[in-house]
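Contents: one structure, followed by commentary.
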Amino acid sequence: MNLLRVSSPHIQGPNSSVEAVMKQVLLATIPGVLVMTYFFGPGTLINILVGGAMALAFEAWALWLRGRDYKTIIRDHSIIVTSTLLCIAIPPYAPWWLLLVGIGISVLLGKHAFGGLGYNPFNPAMVGYVVLLISFPLQMSSWTEPRGIGEVPGFVDAITALLMPTSYDAVTAATPLDLFRQNEGMMFSDLMSAHPEMMGTVAGVGWDWVNLAFLLGGIWLLRQRIFTWHAPVGMVGALALCAVIGFDNGSSTGGGSVLFHLFSGATMFGAFFIITDPVSSAVSNRGRLIFGALVGVLVYLIRVHGNYPDAVAFGVLIMNFAAPFIDQYTQPKVYGTRQETKE
Amino acid sequence: MRQIHDIHGGIHPPERKELSRPGKVIDGPVPAQLILPLSQHIGAPASPIVAVGDHVLGGQMIAEAQGPVSVPVHAPNSGTVVAIESRAVPHASGMSDTCIVIELDGEDTWAPTSGIADWREHNRLELMNCVRQAGIAGLGGAGFPTAIKLASDRDQGIHTLIINGTECEPYISADDTVMQCYADEIVAGAEILAHIVGAETILLAVEDNKPDAAAAMTTAAMNCEMAEVVTFPTKYPSGGEKQLIEILLNAQVPSGGIPADIGVLCQNPSTAIAVLEAITLGKPLTTRITTVTGEALSDPGNRRVMLGTPIKDLLGQAGFDSTAGNRVIHGGPMMGFAVTDLNMPVVKITNCVLAPTADELPPPQPVQPCIRCGHCAEACPASLLPQQLYWYARAKDHEQLERHNLFDCIECGACAYVCPSHIPLVQYYRSAKSSIKDAQQEKVRSDNSRGRFEARQERLEREAAAKEVKRAARKAAAEARAASGEDPVQAAIERAKAKKAQQERVDS
């Protein structure tokens with residue numbers, strides 16, 4: 001008998017693997033993506049499928065270049081998570097080259113330039129997103145009109161938009177956050193009733209449902225213990241707190257209501273799917289609470305005072321810089337140091 | 001009812017304790033040879049006091065303790081010493097060490113013993129010496145010399161004795177069995193231990209997955225006023241000394257300290273019995289109850305095994321199917337180590353021999369990169385950040401490792417159990433700990449030799465300076481003499497003459 005010489009422990013917890021974690025994150029995006037598909041048509045779905053294929057190709061190429069076992073490593077699904085998150089953030093009906101550039105930047109610069117999975121200091125999806133946002137502001141701010149306001153494009157439109165962007169005539173509309181930012185001299189309540197995109201909602205037609213759906217997926221991940229509550233609660237809490245402080249009963253220069261901020265744009269998607277990326281966030285629970293809270297503050301500041309309508313990507317990237325610093329000051333108290341103050 | 005407290009982290013691995021049928025003690029095998037390592041405990045190895053060819057009786061001391069942190073070794077039965085040589089011994093590193101090999105004669109003759117019936121009348125030093133001479137080291141798995149532990153109360157003394165029957169490791173049911181079968185002896189031994197250290201309270205700690213053991217202990221404790229049975233929820237690693245103290249007393253052993261620092265002493269139930277037998281019967285420690293379990297065995301169970309019995313014989317008696325297994329583990333699946341040679345013997349710390357099938361404990365899965373998910377930090381009972389420790393261990397950043405309290409890691413393996421990337425975290429920590437210790441020793445050595453060098457330099461300088469002072473004085477004296485008109489040449493001649501004259505006087 002050949003005695004296996006391995007170190008303790010000799011047993012492994014049930015079903016735990018990087019693939020399993022990544023699969024659960026992917027499953028949790030389903031409600032959000034379905035609601036986006038309902039309100040904006042199949043654009044996001046197409047983004048995810050095409051972007052995923054591109055991501056796999058880039059990943060395999062990068063692993064091959066780095067001399068890694070690409071056939072095995074690619075099965076950890078991590079790159080599909082990255083590409084799916086990026087594709088949810090990119091407007092639906094994006095042209096193929098936009099996806100290609102975004103995915104390429106995410107995979108090559110965001111992930112592999114730093115050493116691959118586990119070594120990236122920045123959230124790779126957000127690296128790709130920000131590069132696109134700065135380089136191609138027009139394409140990156142063209143959101144389709146939601147169902148109920150305009151016609152939702154079909155699959156043919158989606159394929160046309162993807163492959164022959166010049167011949168596709170998009171019917172786009174400003175998002176509620178765009179309207180909020182461009183608002184000149186309107187009371188918040190007037191703003192909400194002036195635009196059909198906002199009427200009868202807390203944060204714009206479709207957007208409140210999209211946020212609710214991502215919240216649902218996020219809560220499921222929380223229950224699956226994929227991450228702890230600290231970062232999401234930190235971000236949502238800080239954003240809400242800022243909105244409470246900044247809300248002056250809805251004057252023309254005020255900051256918008258709490259519900260508007262919580263259910264607009266990428267709030268819930270960011271809180272549960274982006275800042276919970278463990279690799280690039282702080283490590284301890286206390287650290288993650290602070291990390292999330294500061295992202296929340298940045299999101300509010302940039303939304304209300306900045307040049308961009310939404311700010312999750314910027315907030316996350318800025319806080320990625322700060323994560324090691326937060327770690328230095330948020331080491332948990334270890335066993336045996338509790339009673340030092342006694343006596 | 002005593003208030004129970006929770007500890008941070010912990011895991012709930014499948015317990016699988018029913019496999020070894022707790023509650024019944026089976027006699028172990030009688031092998032042809034016993035292999036007795038000189039080091040079955042933490043501390044200095046014992047030193048042999050028998051030679052090859054000597055006949056020894058059961059219970060006879062064959063190696064004596066060397067230095068304070070050490071315990072002697074006794075022959076578990078009568079026979080002839082056939083070798084004193086290096087053999088494979090149970091150790092995480094798979095190393096070999098000196099062992100005394102005894103070929104049993106089958107006569108089962110024993111050295112006479114005498115115990116102390118009225119132990120309450122004897123002082124603690126006498127009793128501690130009995131414990132030491134009986135070769136008792138902690139039977140829970142760590143093997144720290146019990147007498148040293150009993151002497152470890154620092155300033156404030158010991159107020160609470162905990163008999164640790166937690167046995168939180170999966171598979172193992174040795175303590176469970178001992179508690180079910182020998183509850184009265186455990187309580188009696190605990191009373192002696194409490195007497196030695198001056199404890200006022202004895203807590204008999206049992207995890208709630210062992211109701212039979214708890215019931216037996218409760219009955220036994222009725223005869224002892226200071227003893228109390230405490231049960232608490234099953235969770236790994238509640239049986240860690242530090243964790244158990246927090247669960248029972250809501251107190252933490254200071255980082256880098258020992259339980260005695262807060263007036264607590266923990267002992268394993270079997271150790272309490274060994275102490276009872278050593279003191280009341282004068283019987284040395286020569287057997288122990290070991291769980292022999294795993295699906296590769298047709299007859300698993302808890303066996304009373306002579307120390308020195310080769311693991312091969314023990315497995316053979318339990319019906320080991322070597323084609324079904326892929327490894328044999330000394331200890332439990334969480335903290336035990338892989339046996340590298342089936343000829344290695346059962347020793348004082350062998351609480352379990354686990355022979356799993358390949359399906360039961362599959363080989364480790366390929367390691368994936370750490371994604372810093374933090375599951376390890378959630379599971380860590382010491383509230384460490386295992387993912388950071390892993391990072392710094394790989395970077396060999398000793399400063400950060402110490403800043404992140406590497407030395408508070410108890411190596412329980414909860415982090416590696418939950419790790420989705422299957423990283424052998426404990427191995428990294430063990431290796432980092434030993435390289436830090438090496439570096440510290442290296443530093444002490446180099447500090448010492450630097451100190452010696454500097455002292456020598458200083459001495460040489462001092463001597464040179466003293467010479468210089470003398471020389472200057474002589475020069476000044478000579479100059480003074482010259483100045484006073486004395487002819488130095490004439491003076492030298494006269495000095496030589498005087499010397500010669502003196503020499504001649506001596507010669508004649």
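Please note that chains go A, B, ... in the order of the structure tokens, that every chain numbers its residues from 1, and that ligands are numbered from 1 in the order shown.
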Give me, as a tab-separated table, the closest atom pair and its distance (Å, one decimal) for every residue of chain A within a cut-off of 6 Å of chain B, counting only C-alpha atoms, rows sorted by chain and rising number.
residue	atom	partner	partner_atom	distance
A:Leu3	CA	B:Arg327	CA	4.8
A:Leu4	CA	B:Arg327	CA	4.9
A:Arg5	CA	B:Ala338	CA	5.5
A:Ser8	CA	B:Met335	CA	5.4
A:Pro9	CA	B:Met334	CA	4.2
A:His10	CA	B:Pro333	CA	4.9
A:Gln12	CA	B:Tyr417	CA	4.7
A:Gly13	CA	B:Tyr417	CA	5.2
A:Ser16	CA	B:Pro420	CA	4.6
A:Ser17	CA	B:Pro420	CA	3.9
A:Val18	CA	B:Pro420	CA	5.3
A:Gly118	CA	B:Ile371	CA	4.5
A:Pro278	CA	B:Cys373	CA	5.1
A:Val279	CA	B:Ile371	CA	5.2
A:Val334	CA	B:Ser383	CA	4.8
A:Tyr335	CA	B:Ala382	CA	4.7
A:Gly336	CA	B:Pro254	CA	4.1
A:Thr337	CA	B:Ser255	CA	5.8
- request: Taking the chain letters and numbering used in this document, name the residues of stretch 161-365 of chain B that DSSP puts in strand (DSSP E), as a ChimeraX atom specification.
  value: /B:161-165,201-207,227-232,264-267,287-293,301-306,329-330,337-338,352-354
Please produce a file of those selected residues containing C-alpha atoms, as a tab-separated table (two decimals), in the first residue's frame.
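Listing of part04.tsv after writing:
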chain	number	residue	atom	x	y	z
B	161	LEU	CA	-9.41	22.20	37.14
B	162	ILE	CA	-11.06	21.32	33.84
B	163	ILE	CA	-11.25	17.69	32.79
B	164	ASN	CA	-11.42	18.09	29.03
B	165	GLY	CA	-13.71	15.41	27.67
B	201	THR	CA	-13.65	23.59	41.43
B	202	ILE	CA	-13.51	20.67	39.03
B	203	LEU	CA	-15.38	21.10	35.75
B	204	LEU	CA	-16.01	17.91	33.81
B	205	ALA	CA	-16.49	19.23	30.28
B	206	VAL	CA	-18.37	17.08	27.76
B	207	GLU	CA	-19.68	18.10	24.31
B	227	ALA	CA	-17.04	18.48	40.69
B	228	GLU	CA	-19.63	19.62	38.18
B	229	VAL	CA	-20.44	18.21	34.73
B	230	VAL	CA	-20.85	20.85	32.02
B	231	THR	CA	-22.16	20.04	28.57
B	232	PHE	CA	-22.08	22.46	25.68
B	264	VAL	CA	-6.96	27.24	35.18
B	265	LEU	CA	-5.55	23.77	34.58
B	266	CYS	CA	-6.86	21.45	31.85
B	267	GLN	CA	-6.34	17.70	31.85
B	287	THR	CA	-1.12	1.37	28.12
B	288	ARG	CA	-3.67	3.72	26.73
B	289	ILE	CA	-7.12	3.63	25.12
B	290	THR	CA	-6.83	4.34	21.41
B	291	THR	CA	-9.61	4.69	18.85
B	292	VAL	CA	-8.91	2.46	15.86
B	293	THR	CA	-11.34	3.45	13.16
B	301	GLY	CA	-13.32	0.11	18.02
B	302	ASN	CA	-11.60	1.53	21.07
B	303	ARG	CA	-8.71	-0.63	22.18
B	304	ARG	CA	-6.56	-0.78	25.27
B	305	VAL	CA	-3.16	-0.81	23.60
B	306	MET	CA	0.27	-1.44	25.09
B	329	ILE	CA	-3.65	8.91	10.00
B	330	HIS	CA	-2.17	9.19	13.48
B	337	PHE	CA	-0.68	13.52	10.59
B	338	ALA	CA	-0.19	10.94	7.89
B	352	CYS	CA	-6.55	7.59	17.35
B	353	VAL	CA	-5.37	5.57	14.39
B	354	LEU	CA	-7.58	6.27	11.40
Non-local contacts of stretch 222-231 of chain A (9 Å; only C-alpha atoms; under 5 positions in same chain excluded) as a PyMOL selection string: (chain A and resi 21+24-25+217+236+271-272+275-278+281+285-293) or (chain B and resi 373-375)
Dump N, CA and C atoms for the selected residues as a PDB file, in the first residue's frame?
ATOM      1  N   VAL A  21     -18.258  28.785  -5.787  1.00  0.00           N
ATOM      2  CA  VAL A  21     -18.495  30.172  -5.387  1.00  0.00           C
ATOM      3  C   VAL A  21     -18.893  30.997  -6.612  1.00  0.00           C
ATOM      4  N   GLN A  24     -22.372  30.309  -7.980  1.00  0.00           N
ATOM      5  CA  GLN A  24     -23.454  30.892  -7.183  1.00  0.00           C
ATOM      6  C   GLN A  24     -23.584  32.382  -7.448  1.00  0.00           C
ATOM      7  N   VAL A  25     -22.448  33.056  -7.653  1.00  0.00           N
ATOM      8  CA  VAL A  25     -22.531  34.483  -7.987  1.00  0.00           C
ATOM      9  C   VAL A  25     -23.261  34.652  -9.315  1.00  0.00           C
ATOM     10  N   GLY A 217     -31.074  38.927  -5.472  1.00  0.00           N
ATOM     11  CA  GLY A 217     -29.939  38.022  -5.744  1.00  0.00           C
ATOM     12  C   GLY A 217     -28.870  38.170  -4.681  1.00  0.00           C
ATOM     13  N   VAL A 236     -24.778  50.606   1.316  1.00  0.00           N
ATOM     14  CA  VAL A 236     -26.175  51.054   1.260  1.00  0.00           C
ATOM     15  C   VAL A 236     -26.458  52.006   2.431  1.00  0.00           C
ATOM     16  N   ALA A 271     -23.595  47.229  -4.697  1.00  0.00           N
ATOM     17  CA  ALA A 271     -23.484  46.861  -3.281  1.00  0.00           C
ATOM     18  C   ALA A 271     -23.339  45.358  -3.095  1.00  0.00           C
ATOM     19  N   PHE A 272     -24.005  44.579  -3.937  1.00  0.00           N
ATOM     20  CA  PHE A 272     -23.989  43.129  -3.711  1.00  0.00           C
ATOM     21  C   PHE A 272     -23.121  42.357  -4.702  1.00  0.00           C
ATOM     22  N   ILE A 275     -18.799  45.520  -5.025  1.00  0.00           N
ATOM     23  CA  ILE A 275     -17.894  45.763  -3.887  1.00  0.00           C
ATOM     24  C   ILE A 275     -17.687  44.508  -3.054  1.00  0.00           C
ATOM     25  N   THR A 276     -18.456  43.464  -3.314  1.00  0.00           N
ATOM     26  CA  THR A 276     -18.269  42.222  -2.571  1.00  0.00           C
ATOM     27  C   THR A 276     -17.191  41.354  -3.193  1.00  0.00           C
ATOM     28  N   ASP A 277     -16.588  41.828  -4.299  1.00  0.00           N
ATOM     29  CA  ASP A 277     -15.454  41.085  -4.855  1.00  0.00           C
ATOM     30  C   ASP A 277     -14.394  41.014  -3.755  1.00  0.00           C
ATOM     31  N   PRO A 278     -14.111  39.800  -3.268  1.00  0.00           N
ATOM     32  CA  PRO A 278     -13.239  39.711  -2.088  1.00  0.00           C
ATOM     33  C   PRO A 278     -11.787  40.063  -2.387  1.00  0.00           C
ATOM     34  N   SER A 281     -11.184  43.939  -2.247  1.00  0.00           N
ATOM     35  CA  SER A 281     -11.717  44.743  -1.142  1.00  0.00           C
ATOM     36  C   SER A 281     -10.863  44.531   0.103  1.00  0.00           C
ATOM     37  N   ASN A 285     -13.910  41.827   8.483  1.00  0.00           N
ATOM     38  CA  ASN A 285     -15.303  42.264   8.428  1.00  0.00           C
ATOM     39  C   ASN A 285     -15.425  43.754   8.711  1.00  0.00           C
ATOM     40  N   ARG A 286     -14.684  44.200   9.709  1.00  0.00           N
ATOM     41  CA  ARG A 286     -14.721  45.626  10.038  1.00  0.00           C
ATOM     42  C   ARG A 286     -14.174  46.428   8.864  1.00  0.00           C
ATOM     43  N   GLY A 287     -13.093  45.913   8.267  1.00  0.00           N
ATOM     44  CA  GLY A 287     -12.502  46.573   7.107  1.00  0.00           C
ATOM     45  C   GLY A 287     -13.492  46.665   5.959  1.00  0.00           C
ATOM     46  N   ARG A 288     -14.268  45.587   5.762  1.00  0.00           N
ATOM     47  CA  ARG A 288     -15.227  45.579   4.651  1.00  0.00           C
ATOM     48  C   ARG A 288     -16.387  46.530   4.914  1.00  0.00           C
ATOM     49  N   LEU A 289     -16.747  46.675   6.171  1.00  0.00           N
ATOM     50  CA  LEU A 289     -17.802  47.635   6.522  1.00  0.00           C
ATOM     51  C   LEU A 289     -17.339  49.052   6.163  1.00  0.00           C
ATOM     52  N   ILE A 290     -16.103  49.362   6.522  1.00  0.00           N
ATOM     53  CA  ILE A 290     -15.555  50.694   6.236  1.00  0.00           C
ATOM     54  C   ILE A 290     -15.396  50.877   4.725  1.00  0.00           C
ATOM     55  N   PHE A 291     -14.882  49.841   4.069  1.00  0.00           N
ATOM     56  CA  PHE A 291     -14.700  49.872   2.618  1.00  0.00           C
ATOM     57  C   PHE A 291     -16.027  50.187   1.939  1.00  0.00           C
ATOM     58  N   GLY A 292     -17.065  49.439   2.311  1.00  0.00           N
ATOM     59  CA  GLY A 292     -18.384  49.639   1.703  1.00  0.00           C
ATOM     60  C   GLY A 292     -18.921  51.025   1.995  1.00  0.00           C
ATOM     61  N   ALA A 293     -18.757  51.465   3.250  1.00  0.00           N
ATOM     62  CA  ALA A 293     -19.301  52.767   3.637  1.00  0.00           C
ATOM     63  C   ALA A 293     -18.643  53.886   2.829  1.00  0.00           C
TER      64      ALA A 293
ATOM     65  N   CYS B 373     -11.769  35.183   0.004  1.00  0.00           N
ATOM     66  CA  CYS B 373     -13.208  35.166   0.278  1.00  0.00           C
ATOM     67  C   CYS B 373     -13.484  35.401   1.750  1.00  0.00           C
ATOM     68  N   GLY B 374     -12.515  35.073   2.606  1.00  0.00           N
ATOM     69  CA  GLY B 374     -12.697  35.349   4.027  1.00  0.00           C
ATOM     70  C   GLY B 374     -13.412  34.253   4.788  1.00  0.00           C
ATOM     71  N   HIS B 375     -13.728  33.135   4.136  1.00  0.00           N
ATOM     72  CA  HIS B 375     -14.364  32.036   4.867  1.00  0.00           C
ATOM     73  C   HIS B 375     -13.464  31.533   5.995  1.00  0.00           C
TER      74      HIS B 375
END
task: Tell me, as a ChimeraX atom specification, which residues lie within 9 Å of A:Leu85, counting only C-alpha atoms; anything in the same chain fewer than 6 positions away does not count.
output: /A:26,29,48,125-126,269,273-274
- request: Tell me which protein, DNA and RNA residues are within 10 Å of B:Trp391, counting only C-alpha atoms, leaving out same-chain ones fewer than 2 positions away, and put them as a ChimeraX atom specification.
  value: /B:370,372,386-389,393-397,400-401,428
message: Neighbouring residues of A:Ser78 were defined as those with any atom within 9 Å, considering only C-alpha atoms; residues of the same chain fewer than 6 positions away were excluded. Please report them as a list in words.
response: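 The residues satisfying every condition are Val18, Glu19, Met22, Lys23 and Leu117 of chain A.
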task: Quick one: everything within 7 Å of B:Gly115, counting only C-alpha atoms, minus sequence neighbours fewer than 5 positions away in the same chain. Send it as a list in words.
output: Ile279, Thr280, Leu281 and Gly282 of chain B
